[in-house]
Every structure is written in C-alpha cells, then in structure tokens.
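Source file: target05.cif; contents: mmCIF, C-alpha atoms.
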data_entry
#
loop_
_atom_site.label_atom_id
_atom_site.label_comp_id
_atom_site.auth_asym_id
_atom_site.auth_seq_id
_atom_site.Cartn_x
_atom_site.Cartn_y
_atom_site.Cartn_z
CA MET A 7 22.10 -15.20 8.87
CA THR A 8 19.58 -14.51 6.12
CA LYS A 9 16.44 -16.55 5.53
CA THR A 10 13.57 -16.02 3.12
CA MET A 11 9.91 -16.90 3.42
CA THR A 12 7.52 -16.51 0.45
CA PHE A 13 3.75 -16.61 0.27
CA GLU A 14 1.30 -15.94 -2.51
CA GLY A 15 -2.45 -15.89 -2.99
CA ASP A 16 -5.42 -14.44 -4.84
CA LEU A 17 -7.74 -11.64 -3.79
CA ALA A 18 -11.27 -12.54 -4.83
CA THR A 19 -13.00 -9.44 -3.53
CA VAL A 20 -12.25 -5.85 -2.63
CA ASP A 21 -11.87 -4.73 1.00
CA SER A 22 -11.31 -8.23 2.31
CA ALA A 23 -8.25 -9.28 4.29
CA THR A 24 -7.07 -12.45 2.58
CA GLY A 25 -4.46 -14.76 4.03
CA LEU A 26 -1.52 -15.58 1.78
CA THR A 27 -0.91 -19.17 2.76
CA THR A 28 0.39 -20.96 -0.33
CA GLN A 29 3.55 -20.98 -2.41
CA GLY A 30 2.55 -22.39 -5.79
CA SER A 31 3.25 -26.10 -5.72
CA VAL A 32 3.82 -25.95 -1.98
CA THR A 33 0.31 -25.71 -0.59
CA ALA A 34 1.21 -25.23 3.06
CA PRO A 35 4.59 -23.53 3.50
CA SER A 36 5.74 -22.93 7.05
CA ASN A 37 4.91 -19.60 8.65
CA VAL A 38 7.14 -20.18 11.65
CA ILE A 39 9.89 -17.59 12.03
CA PRO A 40 13.29 -19.27 11.64
CA ALA A 41 15.39 -19.68 14.74
CA GLY A 42 18.24 -17.23 15.12
CA VAL A 43 16.65 -14.21 13.42
CA THR A 44 15.33 -11.07 15.09
CA LYS A 45 13.77 -8.94 12.37
CA ILE A 46 12.33 -8.68 8.89
CA ASP A 47 15.18 -6.95 7.11
CA ALA A 48 13.65 -6.62 3.63
CA ILE A 49 10.40 -7.26 1.79
CA VAL A 50 9.87 -8.06 -1.88
CA ALA A 51 6.24 -7.84 -2.96
CA ALA A 52 4.22 -7.59 -6.16
CA ALA A 53 0.48 -7.15 -6.53
CA GLY A 54 -1.81 -6.64 -9.48
CA ALA A 55 -5.13 -7.60 -11.03
CA GLU A 56 -6.22 -8.85 -14.42
CA GLY A 57 -8.50 -5.83 -14.81
CA LEU A 58 -11.82 -7.47 -15.51
CA ALA A 59 -13.69 -4.54 -13.98
CA ASP A 60 -13.39 -0.76 -14.21
CA GLY A 61 -11.95 1.42 -11.49
CA SER A 62 -8.80 2.06 -9.49
CA ALA A 63 -7.45 0.36 -6.39
CA VAL A 64 -4.46 0.08 -4.14
CA PHE A 65 -2.90 -3.14 -2.87
CA PHE A 66 -1.39 -3.55 0.58
CA ILE A 67 -0.20 -6.25 2.94
CA ARG A 68 -0.77 -6.88 6.62
CA LEU A 69 1.89 -8.56 8.74
CA GLY A 70 0.59 -9.86 12.04
CA GLY A 71 0.44 -12.85 14.32
CA GLY A 72 2.30 -13.67 17.48
CA ALA A 73 5.72 -13.23 15.92
CA VAL A 74 5.30 -9.61 14.93
CA GLN A 75 6.18 -7.18 17.67
CA GLY A 76 4.74 -3.65 17.80
CA GLY A 77 1.31 -4.70 16.56
CA GLU A 78 0.08 -5.38 13.05
CA GLN A 79 2.17 -3.69 10.36
CA THR A 80 0.40 -2.50 7.18
CA ILE A 81 2.38 -1.64 4.05
CA MET A 82 1.23 -0.29 0.69
CA ILE A 83 2.60 -2.26 -2.27
CA SER A 84 1.09 -1.05 -5.54
CA ALA A 85 -1.92 0.40 -7.32
CA GLY A 86 -3.79 -0.31 -10.52
CA GLY A 87 -6.56 1.08 -12.68
CA ARG A 88 -8.44 0.40 -15.92
CA ILE A 89 -11.36 1.50 -18.04
CA ALA A 90 -13.27 -0.66 -20.53
CA VAL A 91 -12.02 -0.58 -24.10
CA GLN A 92 -14.22 0.09 -27.14
CA SER A 93 -16.37 -2.76 -28.29
CA GLY A 94 -14.32 -5.05 -30.48
CA SER A 95 -10.98 -3.90 -29.10
CA ASP A 96 -8.59 -5.82 -26.88
CA ALA A 97 -7.35 -4.45 -23.58
CA GLY A 98 -3.64 -4.16 -23.00
CA PRO A 99 -1.88 -6.07 -20.26
CA SER A 100 -1.17 -4.44 -16.94
CA VAL A 101 1.91 -5.71 -15.14
CA CYS A 102 3.35 -4.47 -11.88
CA THR A 103 6.97 -5.24 -11.10
CA ALA A 104 7.94 -6.07 -7.55
CA LEU A 105 8.51 -3.45 -4.91
CA VAL A 106 11.73 -4.04 -2.96
CA LEU A 107 11.81 -2.50 0.50
CA GLU A 108 15.22 -2.50 2.18
CA ASP A 109 16.05 -1.88 5.84
CA VAL A 110 12.48 -2.73 6.84
CA ASP A 111 13.47 -3.43 10.45
CA ILE A 112 10.27 -5.04 11.79
CA ALA A 113 11.01 -6.85 15.04
CA VAL A 114 9.93 -10.51 15.13
CA ARG A 115 10.08 -13.34 17.64
CA ALA A 116 11.85 -16.45 16.39
CA SER A 117 9.95 -19.75 16.47
CA ASP A 118 6.58 -17.96 16.63
CA THR A 119 4.16 -17.70 13.69
CA ILE A 120 3.57 -14.82 11.31
CA ARG A 121 0.30 -14.03 9.52
CA VAL A 122 0.67 -12.55 6.04
CA GLN A 123 -2.45 -11.06 4.48
CA ALA A 124 -3.15 -8.86 1.47
CA GLU A 125 -6.00 -6.62 0.40
CA MET A 126 -7.26 -4.76 -2.63
CA ALA A 127 -8.90 -1.46 -1.62
CA GLY A 128 -10.85 1.04 -3.69
CA SER A 129 -12.60 -0.44 -6.72
CA ASP A 130 -12.92 -4.15 -7.36
CA LEU A 131 -10.66 -4.68 -10.40
CA GLY A 132 -11.37 -8.39 -10.69
CA THR A 133 -9.08 -10.96 -9.12
CA GLY A 134 -5.96 -9.61 -7.44
CA HIS A 135 -2.76 -11.61 -7.30
CA VAL A 136 -0.10 -11.04 -4.66
CA VAL A 137 3.30 -12.53 -3.87
CA VAL A 138 5.31 -11.53 -0.80
CA THR A 139 8.83 -12.50 0.21
CA LEU A 140 10.00 -11.72 3.70
CA ILE A 141 13.75 -11.63 4.20
CA PHE A 142 14.80 -12.20 7.80
CA ALA A 143 18.06 -11.31 9.48
CA MET B 179 14.01 1.05 17.98
CA ALA B 180 12.44 -1.12 15.31
CA LYS B 181 10.24 0.53 12.70
CA LEU B 182 6.44 0.62 12.82
CA TYR B 183 4.23 0.73 9.71
CA ARG B 184 0.81 2.39 9.77
CA SER B 185 -1.42 2.91 6.70
CA ARG B 186 -4.55 4.51 5.32
CA GLU B 187 -6.12 4.54 1.85
CA GLY B 188 -8.94 6.18 -0.06
CA GLU B 189 -9.93 8.00 -3.23
CA ALA B 190 -9.63 11.50 -4.62
CA THR B 191 -12.69 11.97 -6.83
CA ALA B 192 -12.66 15.71 -7.57
CA VAL B 193 -9.89 17.96 -8.86
CA ASP B 194 -8.26 20.50 -6.55
CA THR B 195 -10.01 19.05 -3.52
CA LYS B 196 -8.47 17.63 -0.35
CA SER B 197 -9.77 14.11 0.25
CA GLN B 198 -8.90 12.58 3.61
CA LEU B 199 -7.73 8.97 3.58
CA THR B 200 -9.63 7.37 6.44
CA THR B 201 -10.05 3.70 5.62
CA LEU B 202 -7.85 0.64 5.29
CA GLY B 203 -9.55 -1.85 3.04
CA SER B 204 -11.69 -4.11 5.20
CA GLU B 205 -11.31 -1.68 8.09
CA THR B 206 -13.87 0.96 7.20
CA ALA B 207 -13.35 2.95 10.39
CA PRO B 208 -9.84 2.32 11.72
CA GLY B 209 -9.97 5.61 13.63
CA PRO B 210 -7.38 8.37 13.73
CA LEU B 211 -3.84 7.49 12.72
CA LEU B 212 -1.97 8.22 15.94
CA VAL B 213 1.80 8.42 16.19
CA PRO B 214 2.78 5.23 18.07
CA SER B 215 4.34 5.52 21.49
CA GLY B 216 8.10 5.11 21.69
CA VAL B 217 8.93 6.61 18.28
CA SER B 218 10.40 10.05 17.59
CA LYS B 219 10.46 10.49 13.84
CA LEU B 220 8.88 9.67 10.52
CA VAL B 221 11.62 8.04 8.43
CA GLN B 222 9.77 6.97 5.27
CA VAL B 223 6.50 7.49 3.46
CA ILE B 224 5.32 4.74 1.08
CA ILE B 225 2.71 5.82 -1.46
CA ALA B 226 0.75 3.67 -3.93
CA SER B 227 -1.56 5.48 -6.37
CA MET B 228 -3.31 5.04 -9.70
CA GLU B 229 -6.13 6.64 -11.70
CA ASN B 230 -9.21 4.94 -13.18
CA PHE B 231 -8.81 6.44 -16.69
CA ALA B 232 -12.48 7.49 -16.78
CA ALA B 233 -11.85 10.79 -18.61
CA ALA B 234 -9.68 11.65 -21.59
CA THR B 235 -7.40 14.10 -19.85
CA GLY B 236 -4.34 14.42 -17.65
CA TYR B 237 -3.54 15.16 -14.03
CA SER B 238 -1.01 15.08 -11.25
CA ALA B 239 -1.52 13.83 -7.71
CA PHE B 240 0.04 14.39 -4.31
CA ILE B 241 -0.58 13.74 -0.63
CA ARG B 242 -0.71 16.06 2.36
CA LEU B 243 0.36 15.12 5.88
CA GLU B 244 -1.10 17.37 8.54
CA GLY B 245 -2.07 17.39 12.20
CA SER B 246 -0.67 17.76 15.68
CA GLY B 247 1.50 14.68 15.22
CA LEU B 248 3.81 16.78 13.05
CA PRO B 249 5.22 19.51 15.31
CA ASP B 250 7.17 21.14 12.47
CA GLY B 251 4.06 21.57 10.36
CA PRO B 252 2.50 19.91 7.32
CA GLU B 253 4.32 18.11 4.52
CA VAL B 254 3.22 17.72 0.89
CA ILE B 255 4.59 14.95 -1.36
CA GLY B 256 3.97 14.44 -5.08
CA CYS B 257 3.25 10.85 -6.09
CA LEU B 258 1.76 10.43 -9.57
CA ALA B 259 1.08 12.14 -12.90
CA GLY B 260 -0.36 10.94 -16.17
CA GLY B 261 -3.41 10.81 -18.35
CA VAL B 262 -5.08 9.10 -21.26
CA PRO B 263 -6.09 10.45 -24.72
CA VAL B 264 -9.33 8.47 -24.93
CA ALA B 265 -11.77 7.33 -22.28
CA THR B 266 -11.92 3.83 -23.70
CA GLY B 267 -8.85 1.86 -22.88
CA GLY B 268 -6.62 3.09 -20.08
CA ASN B 269 -4.98 0.26 -18.15
CA ALA B 270 -1.98 0.47 -15.82
CA SER B 271 -0.33 -0.74 -12.65
CA ALA B 272 2.46 0.87 -10.66
CA LYS B 273 4.43 -0.20 -7.65
CA ALA B 274 4.53 2.07 -4.65
CA ILE B 275 7.13 4.78 -4.27
CA VAL B 276 9.31 4.99 -1.18
CA VAL B 277 10.02 8.53 -0.04
CA PRO B 278 12.97 8.86 2.36
CA PHE B 279 12.76 11.28 5.26
CA LYS B 280 15.97 11.88 7.19
CA ALA B 281 14.26 12.90 10.39
CA CYS B 282 10.76 14.34 10.31
CA LYS B 283 9.86 14.93 13.96
CA VAL B 284 6.62 13.43 15.27
CA THR B 285 4.75 13.66 18.56
CA PRO B 286 3.66 10.28 19.97
CA GLY B 287 -0.03 10.00 20.81
CA ASN B 288 -0.98 12.78 18.42
CA GLU B 289 -2.81 12.41 15.12
CA ILE B 290 -1.50 12.64 11.60
CA LEU B 291 -4.14 13.41 9.00
CA ILE B 292 -3.48 12.11 5.48
CA PHE B 293 -5.08 13.70 2.44
CA ALA B 294 -4.87 12.93 -1.27
CA GLU B 295 -5.46 15.45 -3.98
CA MET B 296 -5.53 15.44 -7.77
CA ALA B 297 -4.54 18.55 -9.73
CA GLY B 298 -4.62 19.58 -13.36
CA THR B 299 -7.87 18.21 -14.75
CA ASP B 300 -10.40 15.76 -13.36
CA VAL B 301 -9.58 12.23 -14.47
CA GLY B 302 -12.41 10.66 -12.54
CA GLN B 303 -10.82 8.89 -9.61
CA VAL B 304 -7.38 8.41 -8.13
CA SER B 305 -6.92 5.66 -5.55
CA VAL B 306 -4.18 6.44 -3.04
CA GLY B 307 -2.64 4.37 -0.26
CA VAL B 308 -0.12 5.78 2.19
CA THR B 309 2.10 4.00 4.70
CA LEU B 310 3.88 6.05 7.35
CA VAL B 311 7.05 4.45 8.68
CA PHE B 312 7.92 5.51 12.22
CA GLN B 313 11.07 4.88 14.22
#
Could the structure of this file be written out as structure tokens, please?
Amino acid sequence: MTKTMTFEGDLATVDSATGLTTQGSVTAPSNVIPAGVTKIDAIVAAAGAEGLADGSAVFFIRLGGGAVQGGEQTIMISAGGRIAVQSGSDAGPSVCTALVLEDVDIAVRASDTIRVQAEMAGSDLGTGHVVVTLIFA
Amino acid sequence: MAKLYRSREGEATAVDTKSQLTTLGSETAPGPLLVPSGVSKLVQVIIASMENFAAATGYSAFIRLEGSGLPDGPEVIGCLAGGVPVATGGNASAKAIVVPFKACKVTPGNEILIFAEMAGTDVGQVSVGVTLVFQ
C-alpha cells in the first residue's frame, strides 16, 4: 500500500519553524497518517526563495507530532544564495528542483497526526517557499 | 531498526577555517549532536550548501565529521564548488546531496562534531546544513 500526503507553505522569516499546513486550493489537508501504513518510505521536497535580500541560507524540514516515532526528524532539503545586481540590471531567477529521498524508513503510527514544518536558516533571503510530499508504505 | 535523522547548520565565513555547525534554525543552542541510542551505523549524510556570491572569486567546500561518536575516526566529504566573475549578480539554488555510507560505525551516546570549511579563495559566506542518517 502506498499513500501520499503533500503540504506546502511560505517562510516569512529566517530561523522560524513554520508549519506547512496547506495544499494550494485545499486549505486544510488532513495530517492524519493513513490506516495500514507503518513508515514514511520516501520524501519529495523542494524549497527556495525569491531572493529579495542578500546572503546565503539552507532550507530544512522538521517531521514531528504524535505519529513520528524516534523523536523529531530534521532533514536538509536545499540551499540558496544571492547578491544584489548592479543598479539598472535585472536579477536572474533561482529555481531549485525537488530533492527525492528514497528508502527514508521513518517509523510512524497509523491514525495519529504528523506535524510538518520547514525553516530557512542562515541569511534571510526574502520569502521562502516549500513543498513536501510524504510517501507512506 | 528504522532510520533517525539529526541535523545541524551554520556558516563558513573564512577560507581554510573549520567552522563548527552548532545551530538548527530556530534552535540556537540545540546542544551536542549525540548518536541516538539503539543505532549502530551512519548510513547516509545529506548536505545542503550554497555561497552568498559576495566576492568575485571561486571556491570549494566540504564538511568534516569528527568526535567520539565515530570510533573509526573522522570523515571528510566534499559538497560544493563554484564562483562568480563579478560581485554584483550571483544568484543560485541547489538541492541537497545525498551521500551513501555502507556502514560507518557509530557509538551511541557519544558526540559527532560537524564542521564546514571553504577552500580556494574567500567568497564571503557559505551556508551549510548537514543531516546525519542513523540506523
């Protein structure tokens, strides 16, 4: 049995654990672990910022809540950096493709809730954007 | 045994200098990264890193894993290299790399120290995040 669960959200400030609780048009997706699964088998995650401020930063997620066994799990996802362009120039885009982690093997308790958070750490690059898909088995 | 994921992050701000990664975003003092009980090996290292493009030059970067939690001694892993020809316009993102370890022995209850280092020339700042995956 394979089930997916996806959350996304924005990181307004650096060094602040921010809950990912929405899924675009679905404003309150369920965070209850599906019945019949025992672990997170894979994670797909992407994180980046629009680069409105100078610096460099890393992005990571926190998986916690009653469903996650073995304590809170923290996982690095990506990193970004930028410096201001010359006056009159346009900055280039900065896109980060998704990281796919296979054989994640995080034990979870079915029918309990999971807390998915993300953080930007280092410099404040502006607004961070994060999407996380948990694939259960 | 299921896997356990433990992380630290920080910045390397000087060339050829070991910078210990001691924070985790909103946790400014998470304490020593101890090998969790019940595990026997480090099976993966996940590293996210990027520079701030503040100087027109190039560099490479790597991490060091040290401490009594690694009975077979320290490990060093390269993670990033690059540069920029002008100091007015660098802009990049990169997903983390996943480094497989077949079986790096660890000692539960003991500390693993994580350091980041930039080499080559000083680019200004390199942010580095490291996740250790234990099993």
Residues of chain A were defined as contacting chain B if any atom lay at most 8 Å from it, counting all atoms listed in the file; please report them as number ranges by chain. A: 20-23, 52, 54, 57, 60-65, 76, 79-92, 97-105, 110-113, 125-128
Pick from B:Thr285, B:Ser246, B:Gln222, B:Thr195, whichever lies nearest to Ala297 in chain B using only C-alpha atoms: B:Thr195
What separation in Å, quoted to one decimal, exists between CA of Tyr237 in chain B and CA of Leu291 in chain B?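 Atom-to-atom, CA of Tyr237 in chain B and CA of Leu291 in chain B are spaced 23.1 Å apart.
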Got a sec to resolve the PyMOL selection byres ((chain A and resi 117) around 9) on this structure and send the residues as a ChimeraX atom specification? /A:38-42,73,115-116,118-119
Dump of C-alpha atoms for the selected residues, as a CSV table (one decimal), in the frame of the given file:
chain,number,residue,atom,x,y,z
A,38,VAL,CA,7.1,-20.2,11.6
A,39,ILE,CA,9.9,-17.6,12.0
A,40,PRO,CA,13.3,-19.3,11.6
A,41,ALA,CA,15.4,-19.7,14.7
A,42,GLY,CA,18.2,-17.2,15.1
A,73,ALA,CA,5.7,-13.2,15.9
A,115,ARG,CA,10.1,-13.3,17.6
A,116,ALA,CA,11.8,-16.4,16.4
A,118,ASP,CA,6.6,-18.0,16.6
A,119,THR,CA,4.2,-17.7,13.7
What separation in Å, quoted to one decimal, exists between CA of Val122 in chain A and CA of Thr24 in chain A? 8.5 Å
The PyMOL selection byres ((chain B and resi 279-281) around 7) resolved against shown file, as a ChimeraX atom specification: /B:219-222,277-278,282-283
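Interatomic distance, CA of Thr19 in chain A against CA of Phe293 in chain B: 25.2 Å.
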Name the closest residue to Thr139 in chain A among the candidates A:Ile46, A:Ala51, A:Val106, A:Leu58; distances are taken between atoms, counting only C-alpha atoms. A:Ala51
Spatial neighbours of range 8-12 of chain A, max dist 8 Å, only C-alpha atoms, sep filter under 5 positions, as a list of chain:residue names: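 Contacts, with the query itself left out: A:Gln29, A:Asn37, A:Pro40, A:Val43, A:Val137, A:Val138, A:Thr139, A:Leu140, A:Ile141, A:Phe142, A:Ala143.
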Write out, as a PDB file, in the frame of the given file, the residues just selected, with C-alpha atoms.
ATOM      1  CA  GLN A  29       3.550 -20.980  -2.410  1.00  0.00           C
ATOM      2  CA  ASN A  37       4.910 -19.600   8.650  1.00  0.00           C
ATOM      3  CA  PRO A  40      13.290 -19.270  11.640  1.00  0.00           C
ATOM      4  CA  VAL A  43      16.650 -14.210  13.420  1.00  0.00           C
ATOM      5  CA  VAL A 137       3.300 -12.530  -3.870  1.00  0.00           C
ATOM      6  CA  VAL A 138       5.310 -11.530  -0.800  1.00  0.00           C
ATOM      7  CA  THR A 139       8.830 -12.500   0.210  1.00  0.00           C
ATOM      8  CA  LEU A 140      10.000 -11.720   3.700  1.00  0.00           C
ATOM      9  CA  ILE A 141      13.750 -11.630   4.200  1.00  0.00           C
ATOM     10  CA  PHE A 142      14.800 -12.200   7.800  1.00  0.00           C
ATOM     11  CA  ALA A 143      18.060 -11.310   9.480  1.00  0.00           C
TER      12      ALA A 143
END
Given the file above and the PyMOL selection byres ((chain B and resi 198) around 7), which residues are selected, and can you give them as a PDB file with C-alpha atoms, in the frame of the given file?
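Output below, filename selection-v2.pdb:
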ATOM      1  CA  LYS B 196      -8.470  17.630  -0.350  1.00  0.00           C
ATOM      2  CA  SER B 197      -9.770  14.110   0.250  1.00  0.00           C
ATOM      3  CA  LEU B 199      -7.730   8.970   3.580  1.00  0.00           C
ATOM      4  CA  THR B 200      -9.630   7.370   6.440  1.00  0.00           C
ATOM      5  CA  ILE B 292      -3.480  12.110   5.480  1.00  0.00           C
ATOM      6  CA  PHE B 293      -5.080  13.700   2.440  1.00  0.00           C
ATOM      7  CA  ALA B 294      -4.870  12.930  -1.270  1.00  0.00           C
TER       8      ALA B 294
END
Taking (1.7, 15.0, 0.5) in the file's own coordinates, collect the residues within 8 Å, counting all atoms listed in the file, and hand them back as a PDB file with C-alpha atoms, in the frame of the given file.
ATOM      1  CA  PHE B 240       0.040  14.390  -4.310  1.00  0.00           C
ATOM      2  CA  ILE B 241      -0.580  13.740  -0.630  1.00  0.00           C
ATOM      3  CA  ARG B 242      -0.710  16.060   2.360  1.00  0.00           C
ATOM      4  CA  LEU B 243       0.360  15.120   5.880  1.00  0.00           C
ATOM      5  CA  GLU B 253       4.320  18.110   4.520  1.00  0.00           C
ATOM      6  CA  VAL B 254       3.220  17.720   0.890  1.00  0.00           C
ATOM      7  CA  ILE B 255       4.590  14.950  -1.360  1.00  0.00           C
ATOM      8  CA  GLY B 256       3.970  14.440  -5.080  1.00  0.00           C
ATOM      9  CA  CYS B 257       3.250  10.850  -6.090  1.00  0.00           C
ATOM     10  CA  ILE B 292      -3.480  12.110   5.480  1.00  0.00           C
ATOM     11  CA  PHE B 293      -5.080  13.700   2.440  1.00  0.00           C
ATOM     12  CA  ALA B 294      -4.870  12.930  -1.270  1.00  0.00           C
TER      13      ALA B 294
END
When you look at Asn288 in chain B with a cut-off of 7 Å (counting only C-alpha atoms), what residues show up, excluding the ones that are within fewer than 4 positions of it in the same chain? I need them as a PyMOL selection string. chain B and resi 212-213+246-247
Exercise on range 271-284 of chain B, axis-aligned box with 3 Å per side, report centre and edge lengths in Å to one decimal, as lines of an AutoDock Vina configuration file:
center_x = 7.8
center_y = 7.1
center_z = 1.3
size_x = 22.3
size_y = 21.7
size_z = 33.9
Between B:Val301, B:Ile290, B:Ala192, B:Ala234, which is the closest to Gly251 in chain B once you count all atoms listed in the file?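 That would be B:Ile290, the residue with the smallest distance to Gly251 in chain B.
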Between A:Thr33, A:Thr44, A:Ser93, A:Gln123, which residue has the minimum interatomic distance to Gln75 in chain A, considering only C-alpha atoms?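 Checking each candidate against Gln75 in chain A, we get A:Thr44 as the closest.
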My structure is short of atoms at range 193-219 of chain B; please model N, CA and C atoms there, returning them as a compact mmCIF listing (two decimals), in the frame of the given file.
# COMPACT_ATOMS: atom_id res chain seq x y z
N VAL B 193 -11.15 17.25 -8.68
CA VAL B 193 -9.89 17.96 -8.86
C VAL B 193 -9.78 19.11 -7.86
N ASP B 194 -8.55 19.39 -7.46
CA ASP B 194 -8.26 20.50 -6.55
C ASP B 194 -9.09 20.45 -5.28
N THR B 195 -9.22 19.25 -4.74
CA THR B 195 -10.01 19.05 -3.52
C THR B 195 -9.25 18.11 -2.59
N LYS B 196 -9.10 18.51 -1.33
CA LYS B 196 -8.47 17.63 -0.35
C LYS B 196 -9.42 16.50 0.02
N SER B 197 -8.97 15.27 -0.14
CA SER B 197 -9.77 14.11 0.25
C SER B 197 -9.02 13.35 1.33
N GLN B 198 -9.59 13.27 2.53
CA GLN B 198 -8.90 12.58 3.61
C GLN B 198 -8.93 11.07 3.41
N LEU B 199 -7.82 10.43 3.67
CA LEU B 199 -7.73 8.97 3.58
C LEU B 199 -8.02 8.41 4.97
N THR B 200 -9.17 7.76 5.11
CA THR B 200 -9.63 7.37 6.44
C THR B 200 -9.88 5.89 6.61
N THR B 201 -9.74 5.12 5.53
CA THR B 201 -10.05 3.70 5.62
C THR B 201 -8.79 2.86 5.38
N LEU B 202 -8.94 1.56 5.59
CA LEU B 202 -7.85 0.64 5.29
C LEU B 202 -8.47 -0.68 4.84
N GLY B 203 -8.95 -0.66 3.61
CA GLY B 203 -9.55 -1.85 3.04
C GLY B 203 -10.72 -2.35 3.85
N SER B 204 -10.60 -3.51 4.43
CA SER B 204 -11.69 -4.11 5.20
C SER B 204 -11.98 -3.37 6.49
N GLU B 205 -11.07 -2.52 6.92
CA GLU B 205 -11.31 -1.68 8.09
C GLU B 205 -11.90 -0.36 7.61
N THR B 206 -13.22 -0.24 7.73
CA THR B 206 -13.87 0.96 7.20
C THR B 206 -13.78 2.14 8.16
N ALA B 207 -13.49 1.86 9.41
CA ALA B 207 -13.35 2.95 10.39
C ALA B 207 -12.20 2.63 11.35
N PRO B 208 -10.97 2.66 10.85
CA PRO B 208 -9.84 2.32 11.72
C PRO B 208 -9.54 3.38 12.77
N GLY B 209 -10.21 4.55 12.66
CA GLY B 209 -9.97 5.61 13.63
C GLY B 209 -8.79 6.48 13.24
N PRO B 210 -8.48 7.46 14.07
CA PRO B 210 -7.38 8.37 13.73
C PRO B 210 -6.04 7.63 13.68
N LEU B 211 -5.18 8.07 12.77
CA LEU B 211 -3.84 7.49 12.72
C LEU B 211 -2.99 8.24 13.73
N LEU B 212 -2.74 7.60 14.86
CA LEU B 212 -1.97 8.22 15.94
C LEU B 212 -0.51 7.81 15.84
N VAL B 213 0.37 8.74 16.14
CA VAL B 213 1.80 8.42 16.19
C VAL B 213 2.01 7.42 17.32
N PRO B 214 2.61 6.25 17.02
CA PRO B 214 2.78 5.23 18.07
C PRO B 214 3.68 5.72 19.20
N SER B 215 3.47 5.16 20.37
CA SER B 215 4.34 5.52 21.49
C SER B 215 5.73 4.93 21.25
N GLY B 216 6.74 5.62 21.76
CA GLY B 216 8.10 5.11 21.69
C GLY B 216 8.87 5.50 20.45
N VAL B 217 8.22 6.17 19.49
CA VAL B 217 8.93 6.61 18.28
C VAL B 217 9.18 8.12 18.37
N SER B 218 10.09 8.61 17.55
CA SER B 218 10.40 10.05 17.59
C SER B 218 10.40 10.70 16.22
N LYS B 219 10.38 9.88 15.17
CA LYS B 219 10.46 10.49 13.84
C LYS B 219 9.77 9.63 12.79
